[in-house]
Structures are given as C-alpha cells and as structure tokens.
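Below is one structure, written out as structure tokens; the observations come after it.
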Amino acid sequence: MKDIVIIGGGIVGLSTAFSLSKRFPQAHLTVLEKESDWAKHQTGNNSGVIHSGIYYKPGSLKAKFAREGSRQIIQFCQEHGVSYDQCGKVIVATKQAELPLLENLFQRGLANGLEISTIGREQLQEEEPYVKGIKAIKVPQAGIINYKQVCEKMVDYLRTRGAELNLETEVKKVLEHDDNVEIITENKTFTASYVVNCTGLHSDRVTKRAGVEIDLQIIPFRGEYYELKPEKHHLVKNLIYPVPNPDFPFLGVHFTRMIGGGVEAGPNAVLSFKREGYKKTDINMKDFSEVMKYKGFWKLASKYWQEGAKEMWRSYSKKAFVKSLQDLIPSIQGEDLVPASSGVRAQALKADGTLVDDFYIVSSKRSIHVCNAPSPAATACLPIGKAIANKVPEIEINPQIFIPS
C-alpha cells in the first residue's frame, strides 16, 4: 500500500509532494500525472513572473502566500541552481482617471507589507524609456523565472527521496474507505492511506470522482500572447503592467521580459472551448457543453459581457490587441509582433456566478482536494505545498528503504 498519493504533476502537486517528503520522510509517496511529462499545462505555459502580492486583498491566502512564496522561490532557485532575475516591475497609470485606482493599489501593497514606491513621469522614463505614463508604482520584489525548471528540480529531489513518479497515468475514480483509499487509473489501481488532488484544470472532476460534493465548476480561460520581434526587445526593459480594470477580474495586457530571452505581450482572457485548449480551433464537446449548461457561467457572462466582448474582439483582431498595447507603449506597431504560445487558466466559479478569487481547498477523512489554485500559485507554490502537506493528518507509515543519491 502507498502511504500518500498525490494526483497531478504540475507545480502545486509537485511542491505538495516536496513538502510531504520532508514532513513524512519515512512515507511512501506516489505522484500520478496523466501527461507524458511534468508541468505540461498551467505551469508549463506560465508567463514566468515572480509575483509580489500587491494585487491581493490584505489578509487573503493569496496575499500571504505570494509574499512568502516570492521569498521562498528565490531561495529555492539559489539552492537548486534555477535561473531567475528579481528585476522588478512598474504598474503604470496612463490617464488621470486611473490615478485614484493606482493610489488604492499602492495602499493595498503597503498593507500587504511590500516595500514599494510611487514614481512620476520622469523617473518612469528612466525605468522604462518607451512607456507613456503619468505615474507608476515601482515594485522591486517582482521578477522572472522558469517554473518548469523549478518542477524539474522538485522531481529530481523526489527521486532521491524514493518517491514513485508515474507519468501517463490518468485517474478515473477515487474510492474512499474507512481504512484506505483506492485510486483507479486506466491501467492500475493504487491503494493509499491518503490522497491529495492537485489536478488544476480537472480539479473539480477529480473531487467529484472521489465523492466529495462542491459548489463550483472549473471554467477554462485562454490567455493569448504575442511576442516582440528581436529588434524590438529594447522597448521593454523589465515588466510593465497597466492599472487593473476594477470591472474585470483579470490584469489586462502587459509586457513581460522572459528569463530565457524575448518579450511577451498579453494576455487577453477568452473562454476556452476545451479545458486544455491552447488554440482558437481547439474544442471538446464535453468541456464546452459543461460550461454552456452551468448556470454560474451565464450569471458571470451577464455581469461581464461588455468586457468579455472586448476580450473576444482582441482575440480575433490583431489591430485591437495592438491598440491596447499602445496605451502603454505608443510606438508598438502590428509588424513588431508575432503570435506566441497561449496558456489556459483554471478559474473556479460558483453556481451563483461568483468567481472563487482565493485558494479553495476541501477535505474529507482520507483526501484533500485543491479545487482552486489561482495566480499566484506558481510564485506561492512552496508555502501552498507546505500548507497542504500540513493538512494531511498523522498517518500510519509503512517504512520504505532507499539510498539517496
């Protein structure tokens, strides 16, 4: 029997296994991932930003985990040889109407314990010479990183600790009993003392397969990016963000310098017709029909239909996408940009149309289900993993013997 099984090989699942291996060093840990590689979906298509926590409601798990996580992920990079750059970012107001919103955001950042400052037009020009803005918040804690490399280092660590790592192993059902839990996959059934569900885009389905009732559904939103051509990289020194629209639950298009080179511009936020739909043409009728039948989606759509329509228009009109980028950098032109890869965000939505804005974790006697792990989940993976691991009760361990490499 396996002591603990973790379902999901993205950054949250792997960081949870990482923490469990430290909390229960004698335990037999097993990680199950349905894909042929680790961190293939949300983590592998992440923009690679180390978030500071400035956006999040003071006292929320997102704010707490982002602040702790940004510090811990940098320490992890230093210890394990992962490339990162704590380059900082600017959040830019481009018109007078945005100044009160910028001030509110600045006060929120201070309340979250961040060492940030406001800068005027002249200092902004020194930070980002090609940006048009009248005032900005300078956030030195922000940075860039390759989260897939972080996952690779966690996998290496887990191997040295004797964990059983299974790719191409999709979970079909979870049966919880009084004295154990069965995890049924396509080819094999695993029996464990405890199971942790960290399946991201499929977290609601796996939770329900385990017989745990939840009042939410995952709605997939695709974020589409363009990339600046190499000769235009000089237009962006580090990270450039707009003031968030308070009437829309996404951050707006921004510029991100990548740790591996290059500069991305985006994303928009459009409904994906497939939970792992990275292209406009990707559609899965089961995924799509679930969204269309869910009353929570229609309540959300009725509230945000105007902003949603703009996002859809930017998806199909490069000219409209470029125009939104020109609010920050007026000299950007359509010919400066080429299409880049997209990502899909798992957004938990309640039946009343309320977006689940914070981490949402439910548990039963022998299982924990991470039903919502929104941004900044990658930044905050280490404190999240530790918090989840600490929720696992003391279990009877079947000692395993291994020799760390």
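Letters for chains follow the order of the structure tokens (A, B, ...), residue numbers begin at 1 for each chain, and ligand numbers begin at 1 in the order shown.
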Hey, what's within 6 Å of Ile240 of chain A if we count only C-alpha atoms and toss same-chain stuff fewer than 2 positions away? As a tab-separated table (two decimals) with C-alpha atoms, in the first residue's frame, please?
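Contents of selection.tsv, freshly written:
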chain	number	residue	atom	x	y	z
A	89	LYS	CA	8.13	45.89	-12.43
A	90	VAL	CA	6.16	49.08	-12.90
A	254	HIS	CA	1.08	43.76	-20.19
A	255	PHE	CA	4.71	43.29	-21.22
Can you tell me, as a PyMOL selection string, what residues are no more than 12 Å from Leu110 of chain A when counting only C-alpha atoms, ignoring any on the same chain fewer than 2 positions away? chain A and resi 52-58+63+67+103-108+112-118+137+139
As an MDAnalysis selection string, list the residues of segment 54-273 of chain A assigned to helix (DSSP H, G or I) by DSSP on the backbone atoms of this structure. chainID A and resid 61:80 96:111 121:127 147:160 200:209 230:235
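Taking atom CA of Gln141 of chain A and atom CA of Leu124 of chain A as endpoints, the distance between them is 16.9 Å.
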Atom CA of Lys232 of chain A to atom CA of Leu337 of chain A measures 8.8 Å
Env of segment 40-47 of chain A: 9 Å cut, atoms = only C-alpha atoms, seq-sep filter 3 positions within chain, self excluded. Answer as a ChimeraX atom specification. /A:9-12,35-37,144-148,151,200-201,256,258,264,276,341-346,378
With a distance cut-off of 12 Å and only C-alpha atoms, select the neighbouring residues of Glu79 of chain A, excluding the residue or stretch itself and same-chain residues fewer than 6 positions from it, and output the selection as a ChimeraX atom specification. /A:72-73,150,153-154
What is the atom CA of Ile119 of chain A to atom CA of Gly261 of chain A distance in Å? 27.2 Å
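Shell of Val131 of chain A at 10 Å, with only C-alpha atoms counted and residues fewer than 4 places along the chain excluded, is Val92, Thr94, Arg121, Leu124, Gln125, Glu126, Glu127, Leu235, Val236, Ile240, Gln326, Asp327, Leu328, Ile329, Pro330 and Ser331 of chain A.
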Could you save those same residues with C-alpha atoms as a PDB file, in the first residue's frame?
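Result file is result09.pdb:
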ATOM      1  CA  VAL A  92       1.532  52.393 -14.936  1.00  0.00           C
ATOM      2  CA  THR A  94      -1.657  56.387 -18.413  1.00  0.00           C
ATOM      3  CA  ARG A 121       6.694  60.669 -15.252  1.00  0.00           C
ATOM      4  CA  LEU A 124       9.205  56.249 -15.077  1.00  0.00           C
ATOM      5  CA  GLN A 125      11.057  57.325 -18.217  1.00  0.00           C
ATOM      6  CA  GLU A 126      14.305  56.288 -16.553  1.00  0.00           C
ATOM      7  CA  GLU A 127      12.839  52.886 -15.652  1.00  0.00           C
ATOM      8  CA  LEU A 235      11.277  48.706 -25.988  1.00  0.00           C
ATOM      9  CA  VAL A 236      10.836  46.735 -22.750  1.00  0.00           C
ATOM     10  CA  ILE A 240       5.313  46.664 -17.476  1.00  0.00           C
ATOM     11  CA  GLN A 326      -0.171  51.118 -27.371  1.00  0.00           C
ATOM     12  CA  ASP A 327      -1.814  52.503 -24.238  1.00  0.00           C
ATOM     13  CA  LEU A 328       1.465  51.601 -22.507  1.00  0.00           C
ATOM     14  CA  ILE A 329       3.992  51.819 -25.362  1.00  0.00           C
ATOM     15  CA  PRO A 330       2.652  54.061 -28.159  1.00  0.00           C
ATOM     16  CA  SER A 331       5.454  53.181 -30.591  1.00  0.00           C
TER      17      SER A 331
END
Using DSSP on the backbone coordinates, identify the residues of segment 108-200 of chain A assigned to strand (DSSP E or B); present them as an MDAnalysis selection string. chainID A and resid 117:120 135:139 143:145 164:166 171:176 181:185 189:197
Return the single residue from A:Ile384, A:Ala142, A:Val5, A:Ala111 that is closest to Asp85 of chain A, with distances computed using only C-alpha atoms. A:Ala142
Selection: 12 Å around Ile214 of chain A, only C-alpha atoms, excl. self and same-chain fewer than 5 positions, as a count of residues only: 20
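Proximity to Asn390 of chain A was assessed for A:Val82, A:Leu20, A:Cys77, A:Ile4 counting only C-alpha atoms; the smallest distance is recorded for A:Leu20.
Using only C-alpha atoms, the residues found no farther than 10 Å from Leu228 of chain A, other than those of its own chain fewer than 6 positions away, are His234, Leu235, Val236, Phe255, Arg257, Gly262, Val263, Glu264, Ala265, Ile332, Gln333, Gly334, Glu335, Asp336, Leu337, Val338, Pro339 and Ala340 of chain A.
Here the question is which of A:Tyr294, A:Lys323, A:Leu61, A:Gln149 gets nearest to Gly81 of chain A using only C-alpha atoms, and that residue is A:Gln149.
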Closest of A:Phe190, A:Tyr130, A:Tyr157, A:Tyr226 to Lys22 of chain A, counting only C-alpha atoms, is A:Tyr157
